[in-house]
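Working notes for the structure below.
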Amino acid sequence: MKQKLLIAWLAAVAVSAYALKIGDPMPATDVKLTGEGGKQTTLAELKGKRGTLVIITCNSCPYAVAWERRIVDLGNDWVTKDIGVVAINANDPTISPSDALEKTFARAKKEFYKFPYLADTTQALAKAFGATKTPECFLFDANGKLVYHGAVDDNHKDPSKVKKRYLSDALNALRHGKEIPVAETKAMGCSIKYR
Amino acid sequence: MTAAQLLEAVRAPGARVVLVNVYATWCGPCREEFPDLVKLERNYRVKGLRMIFVSADDEDRLPAVKRFLANHGVTMPTFLKAQQDMEFINGLEPRWDGSLPATLLYDGAGKPRDYWVGMTDYNTLEQKIKALLEETP
């Protein structure tokens with residue numbers, strides 16, 4: 001297990017060197033993502049008319065779990081406003097069994113996701129995004145350029161104590177053609193379990 | 001503890017090498033690497049290593065943090081992060097993206113020398129610590 005986790009860490013460090021920057025085009029649009037029943041989808045198919053929100057998340061990280069309700073509420077709202085929304089679980093389930101395919105799809109049902117929660121079984125998408133942790137949000141504009149990267153908001157633990165709604169503010173700015181107030185943010189998260 | 005307070009502790013006189021480890025008790029890779037860090041601290045304390053453990057657990061998990069540290073035989077003072085994530089992360093190491101665990105190496109003057117995001121291990125850290133100790137008479 002230790003060797004496997006070390007390899008995961010080395011992969012995470014290698015990945016972080018290629019982290020997407022604001023203005024970069026959406027990568028990996030043709031990577032096949034797995035949905036329930038083995039259905040394959042790509043980001044190209046999920047793009048929205050006004051923009052696309054990609055959330056790299058998982059079932060096992062306490063931060064991802066703490067933010068999940070807010071992620072689902074935001075996603076369920078914005079997916080009706082011409083924003084393509086997708087949550088993606090890239091963790092290797094052999095390292096993190098809670099992130100097995102069936103558990104991911106069951107979670108989406110249980111938590112009433114109205115947007116796809118897919119598995120990046122090859123981890124090619126997460127690597128192309130330079131994603132290192134969960135949850136990590138990437139918002140692209142209508143032209144597929146990255147306009148926001150980072151956290152959902154500034155308080156994972158207590159929604160009532162949130163002072164800065166980074167992702168929500170970015171979505172609103174994108175919708176109204178305004179400059180994104182804070183384009184890059186950081187928060188603690190769990191390192192992605194790369195194989 | 002805030003990033004500024006942590007950096008003050010790093011720069012406090014008396015150490016030849018300082019290692020900061022930010023962990024959380026619920027984080028698998030953090031738990032996995034922790035015994036190696038404790039062992040390093042024991043083996044290199046007398047040679048001038050100052051180890052600073054900072055838990056990123058929420059404050060209400062303090063009992064779990066204390067249990068975790070006791071289970072690993074850690075008796076020295078340790079700390080709990082007490083600052084908003086982004087301020088803490090950027091204040092400590094702007095290149096760090098916030099993934100846990102994170103381990104940061106400083107020389108005796110408090111100058112950052114290396115950092116690791118995600119799990120690391122005894123041999124990797126020992127090699128760097130030895131090299132820094134050789135630099136610092």
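Each chain in the structure tokens gets a letter, A, B, ..., in the order shown, and its residues are numbered from 1; ligands are numbered from 1 in order too.
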Query raised in the report: If you count only C-alpha atoms, which residues fall within 12 Å of Met76 of chain B, apart from same-chain ones fewer than 3 positions away, as a PyMOL selection string?
Result: chain B and resi 38+41-42+45+50-54+66+69-70+72-73+79
Report task. Select residues of chain A: the criterion is any atom within 6 Å of an atom of chain B, counting only C-alpha atoms; output as a PyMOL selection string. Result -> chain A and resi 9+133+186-191
Query raised in the report: Which one of B:Val65, B:Ala82, B:Leu105, B:Ala15 sits closest to Thr2 of chain B if you count only C-alpha atoms?
Result: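 So, comparing all the options, the nearest one is B:Ala82.
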Query - All strand (DSSP E) positions in segment 130-185 of chain A, as a list of chain:residue names - result: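 DSSP on the backbone gives strand (DSSP E) at A:Lys133, A:Thr134, A:Glu136, A:Cys137, A:Phe138, A:Leu139, A:Phe140, A:Asp141, A:Leu146, A:Val147, A:Tyr148, A:His149, A:Gly150.
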Written selection (C-alpha atoms) as an mmCIF file, in the first residue's frame:
```cif
data_model
loop_
_atom_site.group_PDB
_atom_site.id
_atom_site.type_symbol
_atom_site.label_atom_id
_atom_site.label_comp_id
_atom_site.auth_asym_id
_atom_site.auth_seq_id
_atom_site.Cartn_x
_atom_site.Cartn_y
_atom_site.Cartn_z
ATOM 1 C CA LYS A 133 -6.661 17.375 -5.174
ATOM 2 C CA THR A 134 -10.331 16.978 -4.434
ATOM 3 C CA GLU A 136 -10.958 21.170 -7.460
ATOM 4 C CA CYS A 137 -13.170 23.319 -9.704
ATOM 5 C CA PHE A 138 -12.423 24.376 -13.283
ATOM 6 C CA LEU A 139 -14.756 26.814 -15.050
ATOM 7 C CA PHE A 140 -14.414 27.405 -18.787
ATOM 8 C CA ASP A 141 -16.109 30.116 -20.821
ATOM 9 C CA LEU A 146 -10.284 28.509 -18.382
ATOM 10 C CA VAL A 147 -11.697 31.473 -16.459
ATOM 11 C CA TYR A 148 -11.775 30.125 -12.882
ATOM 12 C CA HIS A 149 -9.759 27.501 -11.033
ATOM 13 C CA GLY A 150 -9.936 26.657 -7.375
#
```
Requested in this report: For atom CA of Thr103 of chain B and atom CA of Phe34 of chain B, quote the distance in Å rounded to one decimal.
Outcome: 10.8 Å
Report task. Can you list, as a PyMOL selection string, all residues belonging to segment 50-137 of chain B that DSSP tags as alpha helix (DSSP H)? Result -> chain B and resi 62-71+85-92+122-135
What lies within 7 Å of segment 30-39 of chain A using only C-alpha atoms, ignoring chain neighbours under 4 positions off, as an mmCIF file with N, CA and C atoms, in the first residue's frame?
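Result went into result-v4.cif, see below:
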```cif
data_model
loop_
_atom_site.group_PDB
_atom_site.id
_atom_site.type_symbol
_atom_site.label_atom_id
_atom_site.label_comp_id
_atom_site.auth_asym_id
_atom_site.auth_seq_id
_atom_site.Cartn_x
_atom_site.Cartn_y
_atom_site.Cartn_z
ATOM 1 N N LEU A 43 -15.944 15.278 -22.548
ATOM 2 C CA LEU A 43 -16.201 16.683 -22.210
ATOM 3 C C LEU A 43 -16.769 17.438 -23.410
ATOM 4 N N ALA A 44 -16.329 17.044 -24.600
ATOM 5 C CA ALA A 44 -16.834 17.704 -25.817
ATOM 6 C C ALA A 44 -18.354 17.605 -25.876
ATOM 7 N N PHE A 105 -21.664 6.227 -8.687
ATOM 8 C CA PHE A 105 -22.978 6.408 -9.318
ATOM 9 C C PHE A 105 -24.097 6.369 -8.261
ATOM 10 N N LEU A 118 -19.182 11.340 -13.211
ATOM 11 C CA LEU A 118 -18.557 10.312 -14.028
ATOM 12 C C LEU A 118 -17.209 9.885 -13.444
ATOM 13 N N ALA A 119 -16.734 8.767 -13.932
ATOM 14 C CA ALA A 119 -15.435 8.265 -13.478
ATOM 15 C C ALA A 119 -14.399 8.437 -14.586
ATOM 16 N N ASP A 120 -13.266 8.984 -14.204
ATOM 17 C CA ASP A 120 -12.136 9.130 -15.133
ATOM 18 C C ASP A 120 -11.245 7.907 -14.893
ATOM 19 N N ALA A 124 -6.764 10.050 -17.347
ATOM 20 C CA ALA A 124 -6.161 10.897 -18.390
ATOM 21 C C ALA A 124 -6.683 12.324 -18.316
ATOM 22 N N LEU A 125 -7.955 12.466 -17.976
ATOM 23 C CA LEU A 125 -8.522 13.818 -17.906
ATOM 24 C C LEU A 125 -7.919 14.592 -16.727
#
```
Requested in this report: Rounded to one decimal place, report the atom CA of Thr29 of chain A-atom CA of Ile55 of chain A distance in Å.
Outcome: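 Separation of atom CA of Thr29 of chain A and atom CA of Ile55 of chain A: 14.4 Å.
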Requested in this report: Considering only C-alpha atoms, return as an MDAnalysis selection string whatever protein or nucleic-acid residues lie within 10 Å of Lys130 of chain B, sequence-local ones (same chain, fewer than 3 positions apart) excluded.
Outcome: chainID B and resid 17 44 47 49 125:127 133:136
Those selected residues, please, written with C-alpha atoms and delivered as a PDB file, in the first residue's frame.
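Printed below is result07.pdb as written:
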```
ATOM      1  CA  VAL B  17      17.314  22.156   9.906  1.00  0.00           C
ATOM      2  CA  TYR B  44      17.885  13.744  14.043  1.00  0.00           C
ATOM      3  CA  LYS B  47      21.788  16.710  15.363  1.00  0.00           C
ATOM      4  CA  LEU B  49      16.467  18.938  13.389  1.00  0.00           C
ATOM      5  CA  LEU B 125      13.666  13.270   3.732  1.00  0.00           C
ATOM      6  CA  GLU B 126      16.727  11.841   5.452  1.00  0.00           C
ATOM      7  CA  GLN B 127      18.828  12.399   2.343  1.00  0.00           C
ATOM      8  CA  LEU B 133      23.239  19.352   8.013  1.00  0.00           C
ATOM      9  CA  GLU B 134      26.498  18.971   6.115  1.00  0.00           C
ATOM     10  CA  GLU B 135      26.080  22.502   4.760  1.00  0.00           C
ATOM     11  CA  THR B 136      25.454  23.892   8.237  1.00  0.00           C
TER      12      THR B 136
END
```
Report summary line: Of A:Gly144, A:Pro97, A:Thr41, A:Gly75, the one nearest to Lys114 of chain A when counting only C-alpha atoms is A:Gly75
Report task. Determine, counting only C-alpha atoms, which protein, DNA and RNA residues have an atom within 12 Å of an atom of segment 172-182 of chain A; residues of the same chain fewer than 4 positions away are not included. Present the result as number ranges by chain. Result -> A: 22-23, 48-53, 74, 77-78, 81-83, 139-143, 145-154, 164-168, 186
Saved selection, atoms kept: N, CA and C atoms, as a JSON list (two decimals), in the first residue's frame:
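The result, stored in selection-v1.json:
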```json
[["chain", "number", "residue", "atom", "x", "y", "z"],
["A", 22, "ILE", "N", -5.08, 30.15, -16.13],
["A", 22, "ILE", "CA", -6.22, 30.93, -16.61],
["A", 22, "ILE", "C", -5.97, 31.33, -18.07],
["A", 23, "GLY", "N", -6.98, 31.08, -18.90],
["A", 23, "GLY", "CA", -6.85, 31.38, -20.33],
["A", 23, "GLY", "C", -6.51, 30.17, -21.17],
["A", 48, "GLY", "N", -21.27, 23.36, -22.32],
["A", 48, "GLY", "CA", -22.49, 24.17, -22.32],
["A", 48, "GLY", "C", -22.36, 25.35, -23.27],
["A", 49, "LYS", "N", -23.50, 25.92, -23.65],
["A", 49, "LYS", "CA", -23.50, 27.05, -24.60],
["A", 49, "LYS", "C", -22.78, 28.27, -24.00],
["A", 50, "ARG", "N", -22.97, 28.47, -22.69],
["A", 50, "ARG", "CA", -22.37, 29.65, -22.04],
["A", 50, "ARG", "C", -21.08, 29.34, -21.29],
["A", 51, "GLY", "N", -20.77, 28.08, -21.12],
["A", 51, "GLY", "CA", -19.56, 27.71, -20.40],
["A", 51, "GLY", "C", -19.67, 26.30, -19.84],
["A", 52, "THR", "N", -18.58, 25.85, -19.22],
["A", 52, "THR", "CA", -18.56, 24.47, -18.72],
["A", 52, "THR", "C", -17.85, 24.43, -17.37],
["A", 53, "LEU", "N", -18.51, 23.79, -16.42],
["A", 53, "LEU", "CA", -17.93, 23.64, -15.08],
["A", 53, "LEU", "C", -17.54, 22.18, -14.87],
["A", 74, "LEU", "N", -25.15, 24.09, -6.57],
["A", 74, "LEU", "CA", -24.66, 24.98, -7.64],
["A", 74, "LEU", "C", -24.81, 24.32, -9.00],
["A", 77, "ASP", "N", -28.34, 24.01, -10.25],
["A", 77, "ASP", "CA", -28.86, 25.31, -10.67],
["A", 77, "ASP", "C", -28.28, 25.71, -12.03],
["A", 78, "TRP", "N", -26.95, 25.67, -12.14],
["A", 78, "TRP", "CA", -26.31, 26.21, -13.34],
["A", 78, "TRP", "C", -26.46, 25.33, -14.56],
["A", 81, "LYS", "N", -28.90, 26.64, -16.77],
["A", 81, "LYS", "CA", -28.65, 27.98, -17.32],
["A", 81, "LYS", "C", -27.58, 27.95, -18.42],
["A", 82, "ASP", "N", -27.62, 26.91, -19.21],
["A", 82, "ASP", "CA", -26.71, 26.76, -20.35],
["A", 82, "ASP", "C", -25.24, 26.61, -19.96],
["A", 83, "ILE", "N", -24.99, 26.20, -18.73],
["A", 83, "ILE", "CA", -23.62, 25.87, -18.32],
["A", 83, "ILE", "C", -23.54, 24.33, -18.27],
["A", 139, "LEU", "N", -13.66, 26.22, -14.30],
["A", 139, "LEU", "CA", -14.76, 26.81, -15.05],
["A", 139, "LEU", "C", -14.21, 27.38, -16.36],
["A", 140, "PHE", "N", -14.82, 26.96, -17.45],
["A", 140, "PHE", "CA", -14.41, 27.40, -18.79],
["A", 140, "PHE", "C", -15.51, 28.28, -19.38],
["A", 141, "ASP", "N", -15.10, 29.26, -20.18],
["A", 141, "ASP", "CA", -16.11, 30.12, -20.82],
["A", 141, "ASP", "C", -16.67, 29.42, -22.06],
["A", 142, "ALA", "N", -17.50, 30.14, -22.79],
["A", 142, "ALA", "CA", -18.17, 29.55, -23.96],
["A", 142, "ALA", "C", -17.17, 29.14, -25.04],
["A", 143, "ASN", "N", -15.99, 29.78, -25.03],
["A", 143, "ASN", "CA", -14.96, 29.43, -26.01],
["A", 143, "ASN", "C", -14.02, 28.34, -25.51],
["A", 145, "LYS", "N", -12.14, 28.46, -22.78],
["A", 145, "LYS", "CA", -10.94, 28.97, -22.09],
["A", 145, "LYS", "C", -11.18, 28.94, -20.58],
["A", 146, "LEU", "N", -10.14, 28.56, -19.84],
["A", 146, "LEU", "CA", -10.28, 28.51, -18.38],
["A", 146, "LEU", "C", -10.42, 29.92, -17.81],
["A", 147, "VAL", "N", -11.49, 30.14, -17.05],
["A", 147, "VAL", "CA", -11.70, 31.47, -16.46],
["A", 147, "VAL", "C", -11.67, 31.43, -14.93],
["A", 148, "TYR", "N", -11.85, 30.24, -14.34],
["A", 148, "TYR", "CA", -11.77, 30.13, -12.88],
["A", 148, "TYR", "C", -11.21, 28.76, -12.52],
["A", 149, "HIS", "N", -10.34, 28.75, -11.53],
["A", 149, "HIS", "CA", -9.76, 27.50, -11.03],
["A", 149, "HIS", "C", -9.60, 27.60, -9.52],
["A", 150, "GLY", "N", -10.16, 26.65, -8.81],
["A", 150, "GLY", "CA", -9.94, 26.66, -7.38],
["A", 150, "GLY", "C", -11.07, 26.06, -6.57],
["A", 151, "ALA", "N", -11.35, 26.74, -5.47],
["A", 151, "ALA", "CA", -12.27, 26.21, -4.46],
["A", 151, "ALA", "C", -13.71, 26.64, -4.72],
["A", 152, "VAL", "N", -14.62, 26.00, -4.03],
["A", 152, "VAL", "CA", -16.04, 26.36, -4.12],
["A", 152, "VAL", "C", -16.25, 27.69, -3.38],
["A", 153, "ASP", "N", -15.75, 27.76, -2.16],
["A", 153, "ASP", "CA", -15.88, 28.98, -1.36],
["A", 153, "ASP", "C", -14.81, 28.96, -0.29],
["A", 154, "ASP", "N", -14.91, 29.84, 0.69],
["A", 154, "ASP", "CA", -13.81, 29.98, 1.65],
["A", 154, "ASP", "C", -14.07, 29.28, 2.99],
["A", 164, "LYS", "N", -16.76, 34.27, 1.18],
["A", 164, "LYS", "CA", -16.45, 34.46, -0.24],
["A", 164, "LYS", "C", -16.90, 33.24, -1.04],
["A", 165, "ARG", "N", -17.89, 33.48, -1.91],
["A", 165, "ARG", "CA", -18.44, 32.39, -2.74],
["A", 165, "ARG", "C", -17.75, 32.43, -4.09],
["A", 166, "TYR", "N", -16.49, 31.95, -4.09],
["A", 166, "TYR", "CA", -15.64, 32.10, -5.28],
["A", 166, "TYR", "C", -16.29, 31.55, -6.54],
["A", 167, "LEU", "N", -16.74, 30.29, -6.47],
["A", 167, "LEU", "CA", -17.25, 29.63, -7.68],
["A", 167, "LEU", "C", -18.56, 30.27, -8.13],
["A", 168, "SER", "N", -19.43, 30.52, -7.20],
["A", 168, "SER", "CA", -20.71, 31.14, -7.52],
["A", 168, "SER", "C", -20.50, 32.53, -8.15],
["A", 186, "LYS", "N", -7.35, 28.99, -3.58],
["A", 186, "LYS", "CA", -6.79, 27.76, -3.03],
["A", 186, "LYS", "C", -7.54, 27.34, -1.80]]
```
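Distance-wise, atom CA of Arg16 of chain B and atom CA of Gly48 of chain B end up 4.8 Å apart.
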